[in-house]
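Engineer: Okay, here's the structure, questions in a sec.
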Amino acid sequence: MQKETVKKAFLKSIPILCSYVFVSIAYGITMEEAGFVWYQSLLISLVVYTGAFQFVLVSFLSGGTSIITIAVTAFLMNSRQTFYSLTFVDEFKKMGKRLLYMIHTMTDETYAVNLSLMETGKEKEDMMFVIAFLSRCYWMAGTVAGGVLGQLIPIKLEGIDFCMTALFVIIFIDNWEKTKNHVPAVLGLIISMLCLIIAGARSFMLPSLILVSGVLLLMREKEAQS
């Protein structure tokens, strides 16, 4: 793997760094306040690695929730990531032993950044791997820092998770400026808003992904036939 590729991947991962560090610190502090030490938080981040569910998991672990309930909730909250992996299935197949790692580390943020990559072939595959690896390191480092800070300094971080939303807004604007065809973006916004109104904030993500993916696939097939 070339140093230039690693450098480019790091630069691409900076938006993820800016969001992951603060949110994972908040998670580490939340875990510490719930009675868990930093290495327990790190172990969960190493195995689970899905920010939204990890915050929910704190209350589950504190309340003695059953394993079945935890497993079902994890599946429902993260089922959208199945669609993310399908987008890059061709690249993943070519990555050999890194395949399972790429599937495990495909998050909202890495998916969004990977979509913005203009590189192709081996260089793109290497960049995707480095971005996934660095992103996970950012999250685990922040988790440990949060656990330590939670023991030393009483900090309130209410609202800091908004940096995740800010990250996606920036990526959306960047992709909007780089592409001439804005129809997919507009459709995504409209369908997501309709699903949000109908299904509510907790349940709109999965139906939105299914509908958007279906509409875009139909559009692509129609264009191929014309």
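All residue names refer to the structure tokens as shown: chains lettered A, B, ... in order, residues numbered from 1 in each chain, ligands numbered from 1 in order.
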Considering only C-alpha atoms, return as JSON, numbers by chain whatever protein or nucleic-acid residues lie within 7 Å of segment 34-44 of chain A, sequence-local ones (same chain, fewer than 3 positions apart) excluded.
Structural biologist: {"A": [28, 30, 31, 47, 48, 62, 140, 143, 144, 147, 148]}
Engineer: At a cut-off of 9 Å, using only C-alpha atoms, what residues contact Arg136 of chain A? Leave out same-chain residues fewer than 6 positions from it and give the result as an mmCIF file with N, CA, C and O atoms, in the first residue's frame.
Structural biologist:
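File produced: selection_35.cif:
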```
data_model
loop_
_atom_site.group_PDB
_atom_site.id
_atom_site.type_symbol
_atom_site.label_atom_id
_atom_site.label_comp_id
_atom_site.auth_asym_id
_atom_site.auth_seq_id
_atom_site.Cartn_x
_atom_site.Cartn_y
_atom_site.Cartn_z
ATOM 1 N N TYR A 20 -16.490 11.616 15.250
ATOM 2 C CA TYR A 20 -16.342 10.428 16.093
ATOM 3 C C TYR A 20 -15.711 10.733 17.442
ATOM 4 O O TYR A 20 -16.139 10.187 18.458
ATOM 5 N N SER A 45 -16.938 -1.171 22.274
ATOM 6 C CA SER A 45 -16.670 -0.470 21.018
ATOM 7 C C SER A 45 -15.940 -1.362 20.028
ATOM 8 O O SER A 45 -16.134 -1.250 18.816
ATOM 9 N N LEU A 46 -15.105 -2.252 20.536
ATOM 10 C CA LEU A 46 -14.348 -3.155 19.681
ATOM 11 C C LEU A 46 -15.252 -4.204 19.045
ATOM 12 O O LEU A 46 -15.085 -4.570 17.882
ATOM 13 N N TYR A 49 -19.363 -1.636 17.762
ATOM 14 C CA TYR A 49 -19.012 -0.615 16.772
ATOM 15 C C TYR A 49 -20.207 -0.090 15.974
ATOM 16 O O TYR A 49 -20.291 -0.217 14.763
ATOM 17 N N THR A 105 -17.093 -2.951 9.623
ATOM 18 C CA THR A 105 -16.801 -1.544 9.917
ATOM 19 C C THR A 105 -17.557 -0.573 9.006
ATOM 20 O O THR A 105 -17.264 0.619 9.009
#
```
Engineer: Contacts of Glu125 of chain A at 8 Å or less, counting only C-alpha atoms, minus same-chain residues fewer than 5 places along, as a VMD selection string?
Structural biologist: chain A and resid 91 to 92 95 120
Engineer: Now that the selection is made, can you save its residues with N, CA, C and O atoms as a PDB file, in the first residue's frame?
Structural biologist:
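Now in out39.pdb:
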```
ATOM      1  N   GLU A  91     -16.403  -4.157  -4.824  1.00  0.00           N
ATOM      2  CA  GLU A  91     -15.106  -3.788  -4.262  1.00  0.00           C
ATOM      3  C   GLU A  91     -14.716  -4.734  -3.129  1.00  0.00           C
ATOM      4  O   GLU A  91     -13.564  -5.161  -3.019  1.00  0.00           O
ATOM      5  N   PHE A  92     -15.689  -5.074  -2.274  1.00  0.00           N
ATOM      6  CA  PHE A  92     -15.403  -5.933  -1.129  1.00  0.00           C
ATOM      7  C   PHE A  92     -14.942  -7.320  -1.565  1.00  0.00           C
ATOM      8  O   PHE A  92     -14.057  -7.919  -0.951  1.00  0.00           O
ATOM      9  N   MET A  95     -11.302  -7.650  -2.197  1.00  0.00           N
ATOM     10  CA  MET A  95     -10.400  -7.303  -1.105  1.00  0.00           C
ATOM     11  C   MET A  95      -9.934  -8.503  -0.284  1.00  0.00           C
ATOM     12  O   MET A  95      -9.252  -8.349   0.724  1.00  0.00           O
ATOM     13  N   THR A 120     -10.363   4.730  -8.406  1.00  0.00           N
ATOM     14  CA  THR A 120     -10.890   3.467  -8.907  1.00  0.00           C
ATOM     15  C   THR A 120      -9.888   2.335  -8.645  1.00  0.00           C
ATOM     16  O   THR A 120      -8.735   2.581  -8.298  1.00  0.00           O
TER      17      THR A 120
END
```
Engineer: So which residues touch segment 193-195 of chain A within 9 Å, counting only C-alpha atoms, skipping near sequence neighbours fewer than 3 positions away, as a list in words?
Structural biologist: Gly188, Leu189, Ile190, Ile198, Ala199, Gly200, Ala201, Ser203, Phe204, Met205, Pro207 and Ser208 of chain A
Engineer: Nearest residue to Leu11 of chain A out of A:Ser135, A:Thr65, A:Gln81, A:Gln151, using only C-alpha atoms?
Structural biologist: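 Nearest candidate to Leu11 of chain A out of A:Ser135, A:Thr65, A:Gln81, A:Gln151: A:Ser135.
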Engineer: Could you check the closest approach to Phe88 of chain A for each of A:Thr110, A:Ser19, A:Thr50, A:Gln225 and tell me which residue wins, using only C-alpha atoms?
Structural biologist: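 For Phe88 of chain A, the nearest of the candidates is A:Thr110.
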Engineer: Can you list every residue in segment 14-220 of chain A that DSSP puts in alpha helix (DSSP H), as a PyMOL selection string?
Structural biologist: chain A and resi 14-33+38-47+51-63+67-78+81-87+89-93+99-104+108-115+121-152+162-178+183-199+205-220
Engineer: Go through A:Ile16, A:Leu209, A:Val58, A:Ile29 one by one, measure the shortest atom-to-atom distance of each to Tyr84 of chain A using only C-alpha atoms, and give the residue with the smallest value.
Structural biologist: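 Closest to Tyr84 of chain A, using only C-alpha atoms: A:Leu209.
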Engineer: If you measure from atom CA of Phe129 of chain A to atom CA of Ile103 of chain A, what distance in Å do you get, rounded to one decimal?
Structural biologist: 10.5 Å
Engineer: Which polymer residues have any atom within 12 Å of an atom of Asp174 of chain A, counting only C-alpha atoms, with same-chain residues fewer than 2 positions away left out, as a PyMOL selection string?
Structural biologist: chain A and resi 15+112-113+115-117+167-172+176-180+185
